[in-house]
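Chemist: My file is data-v1.cif. It has mmCIF, C-alpha atoms:
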data_work
#
loop_
_atom_site.label_atom_id
_atom_site.label_comp_id
_atom_site.auth_asym_id
_atom_site.auth_seq_id
_atom_site.Cartn_x
_atom_site.Cartn_y
_atom_site.Cartn_z
CA MET A 13 66.72 47.89 48.63
CA LYS A 14 68.57 50.01 46.08
CA GLU A 15 68.25 53.15 48.20
CA GLU A 16 69.53 51.30 51.27
CA ALA A 17 72.56 50.03 49.34
CA MET A 18 73.28 53.51 47.98
CA LYS A 19 73.01 54.97 51.47
CA LYS A 20 75.58 52.47 52.77
CA ILE A 21 77.99 53.51 50.02
CA GLU A 22 77.48 57.20 50.87
CA ILE A 23 78.09 56.51 54.58
CA GLU A 24 81.32 54.70 53.71
CA LEU A 25 82.39 57.57 51.44
CA ALA A 26 81.77 60.05 54.26
CA SER A 27 83.86 57.90 56.61
CA ILE A 28 86.74 57.81 54.10
CA ARG A 29 86.59 61.58 53.68
CA ASN A 30 86.72 62.01 57.47
CA THR A 31 89.87 59.88 57.53
CA PHE A 32 91.40 62.21 54.93
CA LEU A 33 90.43 65.26 57.00
CA GLU A 34 92.30 63.73 59.96
CA ILE A 35 95.34 63.22 57.72
CA ARG A 36 95.12 66.81 56.50
CA LYS A 37 94.89 68.13 60.06
CA LEU A 38 97.90 66.11 61.25
CA SER A 39 99.99 66.98 58.20
CA LEU A 40 99.83 70.74 58.81
CA HIS A 41 102.10 70.54 61.86
CA LEU A 42 103.75 67.13 61.52
CA ASP A 43 107.17 66.78 63.15
CA PRO A 44 109.08 63.99 61.29
CA LYS A 45 111.13 63.39 64.45
CA ASN A 46 108.06 62.70 66.55
CA ARG A 47 107.67 58.95 66.13
CA LYS A 48 104.22 58.93 67.72
CA GLU A 49 102.89 61.51 65.24
CA VAL A 50 104.55 59.77 62.29
CA SER A 51 103.14 56.41 63.32
CA LYS A 52 99.65 57.86 63.68
CA ILE A 53 99.64 59.52 60.25
CA VAL A 54 101.10 56.40 58.59
CA ASN A 55 98.31 54.31 60.12
CA LEU A 56 95.73 56.79 58.84
CA LEU A 57 97.30 56.77 55.37
CA ASN A 58 97.19 52.96 55.33
CA LYS A 59 93.56 53.01 56.44
CA PHE A 60 92.67 55.63 53.84
CA SER A 61 94.38 53.68 51.02
CA PHE A 62 92.68 50.43 52.02
CA GLU A 63 89.23 52.02 52.18
CA VAL A 64 89.70 53.86 48.88
CA GLY A 65 90.83 50.63 47.20
CA LYS A 66 87.89 48.69 48.59
CA ILE A 67 85.16 51.16 47.64
CA SER A 68 86.64 52.06 44.24
CA GLY A 69 86.98 48.39 43.31
CA LEU A 70 83.44 47.57 44.45
CA THR A 71 81.62 50.57 42.98
CA SER A 72 83.48 50.49 39.65
CA VAL A 73 82.05 46.99 39.13
CA VAL A 74 78.59 47.77 40.52
CA PHE A 75 78.20 50.85 38.34
CA SER A 76 80.27 49.56 35.38
CA ASN A 77 82.31 52.75 35.58
CA LYS A 78 86.05 52.24 34.99
CA ASN A 79 86.81 55.87 35.85
CA ILE A 80 86.05 55.17 39.51
CA LYS A 81 88.74 52.47 39.71
CA ASP A 82 91.24 54.60 37.79
CA PHE A 83 90.76 57.59 40.10
CA GLY A 84 90.96 55.29 43.13
CA ASP A 85 94.23 53.76 41.90
CA SER A 86 95.68 57.24 41.26
CA THR A 87 94.71 58.28 44.80
CA ILE A 88 96.41 55.23 46.30
CA GLY A 89 99.52 55.80 44.18
CA LYS A 90 99.88 59.37 45.46
CA ILE A 91 99.35 58.24 49.06
CA TYR A 92 102.08 55.60 48.66
CA LYS A 93 104.54 58.26 47.47
CA LEU A 94 103.41 60.53 50.30
CA LYS A 95 104.30 57.87 52.89
CA LEU A 96 107.80 57.65 51.44
CA SER A 97 108.26 61.39 52.01
CA ILE A 98 107.29 61.41 55.68
CA GLU A 99 110.71 60.53 57.10
CA ASP A 100 112.31 63.61 55.52
CA ASN A 101 109.57 66.17 55.07
CA LEU A 102 105.93 65.45 54.30
CA ASP A 103 105.27 66.42 50.66
CA LEU A 104 102.05 68.44 50.84
CA LYS A 105 101.85 68.62 47.06
CA LEU A 106 101.39 64.83 46.99
CA LEU A 107 98.68 65.21 49.61
CA ASN A 108 96.95 67.80 47.42
CA ASP A 109 97.25 65.54 44.37
CA SER A 110 95.78 62.60 46.27
CA GLU A 111 92.84 64.77 47.34
CA PHE A 112 92.33 65.85 43.72
CA TYR A 113 92.03 62.24 42.52
CA PHE A 114 89.93 61.24 45.53
CA ASP A 115 87.48 64.05 44.78
CA GLN A 116 87.23 62.84 41.16
CA MET A 117 86.47 59.32 42.38
CA TYR A 118 83.98 60.67 44.93
CA ASN A 119 82.18 62.72 42.27
CA GLU A 120 81.96 59.76 39.89
CA ILE A 121 80.39 57.58 42.59
CA GLU A 122 77.96 60.32 43.64
CA LYS A 123 76.94 60.77 40.01
CA GLU A 124 76.16 57.06 39.69
CA ILE A 125 74.25 57.02 42.97
CA LEU A 126 72.11 59.95 41.86
CA LYS A 127 71.26 58.14 38.64
CA ILE A 128 69.95 55.13 40.57
CA VAL A 129 68.19 57.10 43.31
CA LEU A 130 66.57 59.66 41.01
CA GLU A 131 65.36 57.27 38.31
CA PRO A 132 62.43 55.83 40.29
CA ILE A 133 61.74 59.18 41.93
CA ILE A 134 61.34 60.97 38.59
CA VAL A 135 58.45 58.69 37.62
CA GLU A 136 56.91 58.93 41.07
CA SER A 137 53.49 60.58 40.84
CA ASP A 138 53.54 61.91 44.39
CA SER A 139 54.99 65.41 43.94
CA LYS A 140 55.41 65.94 47.69
CA PHE A 141 57.56 62.83 47.96
CA LEU A 142 59.58 63.98 44.96
CA LYS A 143 60.13 67.43 46.46
CA GLU A 144 61.30 66.00 49.79
CA LYS A 145 63.80 63.72 48.08
CA ILE A 146 65.18 66.52 45.92
CA ASN A 147 65.49 68.82 48.95
CA LEU A 148 67.39 66.11 50.83
CA ILE A 149 69.78 65.57 47.93
CA GLU A 150 70.31 69.32 47.52
CA SER A 151 71.02 69.64 51.25
CA GLU A 152 73.62 66.85 51.13
CA ILE A 153 75.26 68.35 48.05
CA LYS A 154 75.36 71.78 49.72
CA ALA A 155 77.02 70.29 52.82
CA LEU A 156 79.57 68.50 50.64
CA LYS A 157 80.34 71.70 48.70
CA THR A 158 80.85 73.60 51.98
CA GLN A 159 83.30 70.95 53.17
CA VAL A 160 85.19 70.97 49.86
CA LEU A 161 85.38 74.79 49.84
CA SER A 162 86.82 74.75 53.36
CA LEU A 163 89.49 72.28 52.31
CA LYS A 164 90.27 74.24 49.15
CA SER A 165 90.65 77.44 51.19
CA THR A 166 93.15 75.72 53.50
CA ILE A 167 95.09 74.34 50.53
CA ALA A 168 95.10 77.71 48.75
CA ASP A 169 96.45 79.52 51.83
CA LEU A 170 99.25 76.97 52.17
CA ILE A 171 100.20 77.14 48.51
CA LEU A 172 100.11 80.95 48.36
CA LYS A 173 102.71 81.16 51.14
CA GLU A 174 105.24 79.09 49.17
CA ARG A 175 104.05 78.63 45.59
CA GLU A 176 107.39 77.30 44.35
CA LYS A 177 107.35 74.55 46.99
CA PHE A 178 103.90 73.17 46.20
CA LEU A 179 103.44 73.77 42.47
CA ASP A 180 105.38 72.05 39.70
CA ASP A 181 106.90 73.95 36.75
CA GLU A 182 103.81 73.57 34.53
CA GLU A 183 101.48 74.78 37.25
CA LEU A 184 103.71 77.76 38.09
CA SER A 185 104.03 78.62 34.41
CA ILE A 186 100.29 78.73 33.74
CA LEU A 187 99.62 80.64 36.98
CA GLU A 188 102.17 83.26 35.91
CA GLU A 189 100.50 83.50 32.48
CA ILE A 190 97.14 84.11 34.15
CA LEU A 191 98.58 86.81 36.44
CA LEU A 192 100.19 88.50 33.42
CA LEU A 193 96.88 88.53 31.53
CA HIS A 194 95.19 90.01 34.60
CA GLU A 195 97.79 92.80 34.60
CA GLN A 196 96.79 93.46 30.97
CA GLY A 197 93.19 94.01 32.09
CA ILE A 198 91.73 90.58 31.26
CA SER A 199 89.60 89.52 34.25
CA TRP A 200 88.36 86.14 32.97
CA ILE A 201 90.59 84.01 30.78
CA GLU A 202 89.68 81.32 28.24
CA PRO A 203 91.94 78.24 28.16
CA ARG A 204 92.75 78.88 24.49
CA PHE A 205 94.72 81.98 25.49
CA LEU A 206 97.11 79.86 27.58
CA SER A 207 99.95 77.59 26.51
CA LYS A 208 99.01 74.62 28.73
CA ASN A 209 95.99 72.31 28.54
CA SER A 210 92.84 72.39 30.65
CA ARG A 211 94.10 69.63 32.97
CA ILE A 212 96.47 72.10 34.63
CA LEU A 213 93.68 74.67 34.97
CA GLU A 214 91.47 72.04 36.60
CA LYS A 215 94.20 71.23 39.13
CA LEU A 216 94.76 74.90 39.99
CA TYR A 217 90.99 75.29 40.36
CA ASN A 218 90.86 72.29 42.72
CA TYR A 219 93.74 73.75 44.75
CA GLY A 220 91.53 76.79 45.33
CA LEU A 221 93.82 79.18 43.40
CA LEU A 222 91.39 79.88 40.56
CA LYS A 223 87.73 80.83 40.22
CA ARG A 224 85.70 79.38 37.35
CA LYS A 225 82.47 80.28 35.58
CA LYS A 226 80.69 79.66 32.28
CA ARG A 227 80.81 82.34 29.60
CA GLY A 228 79.24 81.58 26.24
CA GLY A 229 79.22 77.89 27.09
CA ILE A 230 82.99 77.89 27.79
CA ASP A 231 84.76 77.56 31.15
CA VAL A 232 86.73 80.72 31.94
CA TYR A 233 89.13 81.20 34.86
CA SER A 234 90.34 83.97 37.13
CA TYR A 235 92.93 84.09 39.93
CA CYS A 236 91.11 83.98 43.29
CA LYS A 237 92.95 86.96 44.71
CA ASN A 238 92.28 89.02 41.59
#
When written as structure tokens, how does the structure in this file appear?

Modeler:
Amino acid sequence: MKEEAMKKIEIELASIRNTFLEIRKLSLHLDPKNRKEVSKIVNLLNKFSFEVGKISGLTSVVFSNKNIKDFGDSTIGKIYKLKLSIEDNLDLKLLNDSEFYFDQMYNEIEKEILKIVLEPIIVESDSKFLKEKINLIESEIKALKTQVLSLKSTIADLILKEREKFLDDEELSILEEILLLHEQGISWIEPRFLSKNSRILEKLYNYGLLKRKKRGGIDVYSYCKN
């Protein structure tokens, strides 16, 4: 029963992500004067907000994880502001921010699902059954990572064309610091060498502008085009 319930949540999450992908696709060439296009994207935004609110509210209670609800609320807040920008010019930075918070919510839910699904499997004596389950989970995670990387690549290409339009002053500042350190011959940069906190680095990483790896147990970052 638990596995069936978790599967239903994952199916709903996949459906919500597909709605966002539709929004992303429409937003790339949206004409604010085209009432049909505007109406379609507004309907999708309303659907996305409703579904995010429903699943974040439900799963935050089921898993006793307040972070899920907080990330869901932040996603909905960004989507609301995004709708207000449509009449003039769709604010893609708000769309990127909403995706950032949605991904955080998604990851929190997936983490909780894995806890529930893996717990009985770990004590399962049948090693073949265990291997099949782990392979299935790894396959689903790989597919999700591929989808996220594709989205991040699209976002990065958009931002690189007009950095000043999509990044705020803090984000531009830390990106310029990183580029300067690269010019000085530093390929991978520790957060302690920068003036801003790790939250900004995390956002730039999620936009697809930075690479990240572990070095000595510490996250270090490098500009993707470096």

Chemist: Taking 2 positions as the minimum chain separation for residues in the same chain, which residues sit within 10 Å of Ile171 in chain A when counting all atoms listed in the file? Answer as an MDAnalysis selection string.

Modeler: chainID A and resid 104:105 108 165:169 173:179 219:221

Chemist: Enter the distance from CA of Val160 in chain A to CA of Val74 in chain A, in Å, rounded to one decimal.

Modeler: 25.9 Å

Chemist: Can you turn the PyMOL selection byres ((chain A and resi 37-49) around 9) into a concrete residue list for this file, as a list of chain:residue names?

Modeler: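 Applied to this file, the PyMOL selection byres ((chain A and resi 37-49) around 9) selects A:Phe32, A:Leu33, A:Glu34, A:Ile35, A:Arg36, A:Val50, A:Ser51, A:Lys52, A:Ile53, A:Val54, A:Ile98, A:Glu99, A:Asp100, A:Asn101, A:Leu102, A:Leu104, A:Leu107.
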
Chemist: What does the distance from CA of Ser162 in chain A to CA of Asp109 in chain A come to in Å, to one decimal?

Modeler: 16.6 Å

Chemist: If I take CA of Leu106 in chain A and CA of Glu202 in chain A, how far is one from the other in Å, to one decimal?

Modeler: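 Rounded to one decimal, the two atoms are 27.6 Å apart.
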
Chemist: Kindly provide, as a list in words, the polymer residues lying within 9 Å of (90.2, 58.3, 48.2), counting only C-alpha atoms and using the coordinates exactly as they appear in the file.

Modeler: Leu25, Ile28, Arg29, Phe32, Phe60, Ser61, Glu63, Val64, Gly65, Ile67, Ser68, Phe83, Gly84, Asp85, Ser86, Thr87, Ile88, Ser110, Glu111, Tyr113, Phe114, Asp115, Gln116, Met117 and Tyr118 of chain A

Chemist: From the list A:Ile91, A:Leu70, A:Ile23, A:Leu163, which residue is nearest Asp103 in chain A when using all atoms listed in the file?

Modeler: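 Ranked by minimum distance to Asp103 in chain A, first place goes to A:Ile91.
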
Chemist: With 8 Å added on each side, what axis-aligned box encloses every listed atom of range 42-47 of chain A? Give the centre and edge lengths in Å to one decimal, as AutoDock Vina command-line options.

Modeler:
--center_x 107.4 --center_y 63.0 --center_z 63.9 --size_x 23.4 --size_y 24.2 --size_z 21.3

Chemist: Could you write out as a list in words the residues that the PyMOL selection byres ((chain A and resi 18) around 12) matches in the shown file?

Modeler: Met13, Lys14, Glu15, Glu16, Ala17, Lys19, Lys20, Ile21, Glu22, Ile23, Glu24, Leu25, Thr71, Val74, Phe75, Ile121, Glu122, Lys123, Glu124, Ile125, Leu126, Lys127, Ile128, Val129 and Leu130 of chain A

Chemist: Pull the neighbourhood of (101.4, 73.2, 33.4) for me: all residues within 12 Å in file coordinates, counting only C-alpha atoms, as a PDB file with C-alpha atoms, keeping the file's coordinate frame.

Modeler:
ATOM      1  CA  LEU A 179     103.440  73.770  42.470  1.00  0.00           C
ATOM      2  CA  ASP A 180     105.380  72.050  39.700  1.00  0.00           C
ATOM      3  CA  ASP A 181     106.900  73.950  36.750  1.00  0.00           C
ATOM      4  CA  GLU A 182     103.810  73.570  34.530  1.00  0.00           C
ATOM      5  CA  GLU A 183     101.480  74.780  37.250  1.00  0.00           C
ATOM      6  CA  LEU A 184     103.710  77.760  38.090  1.00  0.00           C
ATOM      7  CA  SER A 185     104.030  78.620  34.410  1.00  0.00           C
ATOM      8  CA  ILE A 186     100.290  78.730  33.740  1.00  0.00           C
ATOM      9  CA  LEU A 187      99.620  80.640  36.980  1.00  0.00           C
ATOM     10  CA  GLU A 188     102.170  83.260  35.910  1.00  0.00           C
ATOM     11  CA  GLU A 189     100.500  83.500  32.480  1.00  0.00           C
ATOM     12  CA  ILE A 190      97.140  84.110  34.150  1.00  0.00           C
ATOM     13  CA  PRO A 203      91.940  78.240  28.160  1.00  0.00           C
ATOM     14  CA  LEU A 206      97.110  79.860  27.580  1.00  0.00           C
ATOM     15  CA  SER A 207      99.950  77.590  26.510  1.00  0.00           C
ATOM     16  CA  LYS A 208      99.010  74.620  28.730  1.00  0.00           C
ATOM     17  CA  ASN A 209      95.990  72.310  28.540  1.00  0.00           C
ATOM     18  CA  SER A 210      92.840  72.390  30.650  1.00  0.00           C
ATOM     19  CA  ARG A 211      94.100  69.630  32.970  1.00  0.00           C
ATOM     20  CA  ILE A 212      96.470  72.100  34.630  1.00  0.00           C
ATOM     21  CA  LEU A 213      93.680  74.670  34.970  1.00  0.00           C
ATOM     22  CA  GLU A 214      91.470  72.040  36.600  1.00  0.00           C
ATOM     23  CA  LYS A 215      94.200  71.230  39.130  1.00  0.00           C
ATOM     24  CA  LEU A 216      94.760  74.900  39.990  1.00  0.00           C
TER      25      LEU A 216
END

Chemist: Determine the nearest neighbour of Ser199 in chain A from the options A:Leu57, A:Leu148, A:Leu170, A:Cys236, counting only C-alpha atoms.

Modeler: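 Of the candidates, the smallest distance to Ser199 in chain A is held by A:Cys236.
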